[in-house]
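Step one of this worksheet: look at the structure below.
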Amino acid sequence: MEGDERVRKLKWLCRRGMKELDMLLERFVEQNLQALAGGSWPEFESLLQTEDDVLWGWFLDSAVPGASPYRNLLDQIRRARD
């Protein structure tokens with residue numbers, strides 16, 4: 001998948017049912033456009049397939065079961081909001 005196409009897809013997948021998730025994920029994408037276009041964080045697409053309530057729980061506590069494959073990515077997304 002081409003870089004710009006990947007970024008467009010990721011931006012679309014960041015549109016969630018929770019405004020808090022929208023803001024958090026969209027800020028991460030905007031701050032990392034070049035890296036994401038280049039293929040960084042392939043697990044980001046997989047993370048975005050997670051249900052909103054589960055995903056939000058992972059952001060609140062990355063020690064929750066199921067979050068472990070995404071722990072580093074969750075930390076990076078959290079840092080993007082600062």
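Chain identifiers are assigned as A, B, and so on, following the order in which chains appear in the structure tokens; residues are numbered from 1 within each chain, and ligands are numbered from 1 in order of appearance.
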Contact residues around region 64-74 of chain A with only C-alpha atoms at 8 Å, ignoring same-chain residues under 6 positions, as a VMD selection string:
chain A and resid 41 43 to 44 47 57 to 58
Hey, can you spit out that residue selection with N, CA and C atoms as an mmCIF file, in the first residue's frame?
data_model
loop_
_atom_site.group_PDB
_atom_site.id
_atom_site.type_symbol
_atom_site.label_atom_id
_atom_site.label_comp_id
_atom_site.auth_asym_id
_atom_site.auth_seq_id
_atom_site.Cartn_x
_atom_site.Cartn_y
_atom_site.Cartn_z
ATOM 1 N N TRP A 41 4.917 1.249 12.478
ATOM 2 C CA TRP A 41 3.823 0.790 13.330
ATOM 3 C C TRP A 41 2.785 -0.029 12.562
ATOM 4 N N GLU A 43 1.389 -2.571 13.459
ATOM 5 C CA GLU A 43 0.383 -3.032 14.403
ATOM 6 C C GLU A 43 -0.698 -1.982 14.661
ATOM 7 N N PHE A 44 -0.486 -0.743 14.208
ATOM 8 C CA PHE A 44 -1.468 0.323 14.405
ATOM 9 C C PHE A 44 -2.791 -0.030 13.720
ATOM 10 N N LEU A 47 -4.511 -2.564 15.794
ATOM 11 C CA LEU A 47 -5.029 -1.911 16.999
ATOM 12 C C LEU A 47 -6.349 -1.214 16.704
ATOM 13 N N GLY A 57 -10.166 1.139 27.377
ATOM 14 C CA GLY A 57 -9.663 0.476 28.579
ATOM 15 C C GLY A 57 -8.164 0.253 28.517
ATOM 16 N N TRP A 58 -7.667 -0.102 27.347
ATOM 17 C CA TRP A 58 -6.226 -0.291 27.182
ATOM 18 C C TRP A 58 -5.474 1.012 27.378
#
Every residue of chain A that DSSP places in helix (DSSP H, G or I), as a ChimeraX atom specification:
/A:3-13,19-31,33-37,43-47,52-60,68-80
So which residues touch region 15-21 of chain A within 10 Å, counting only C-alpha atoms, skipping near sequence neighbours fewer than 5 positions away, as a PyMOL selection string?
chain A and resi 10+26-27+48+51-53+55-56+59
To one decimal in Å, tell me the separation between CA of Val7 (chain A) and CA of Leu36 (chain A).
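A separation of 6.5 Å between them.
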Would you compute the distance between CA of Arg78 (chain A) and CA of Gln49 (chain A)? Give it in Å to one decimal.
18.0 Å
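Minimum atom-to-atom distances from A:Arg79, A:Gln34, A:Leu24, A:Asp61 to Arg6 (chain A) were compared using only C-alpha atoms, and the lowest value belongs to A:Gln34.
The two atoms in question, CA of Gly39 (chain A) and CA of Gly3 (chain A), are spaced 7.2 Å apart.
When only C-alpha atoms are used to measure the gap to Phe28 (chain A), the shortest distance among A:Cys14, A:Ala63, A:Glu2, A:Val54 belongs to A:Cys14.
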Between A:Asn32, A:Leu25, A:Ala37, A:Glu45, which has the minimum distance to Asp4 (chain A) (counting only C-alpha atoms)?
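The closest residue to Asp4 (chain A) is A:Ala37.
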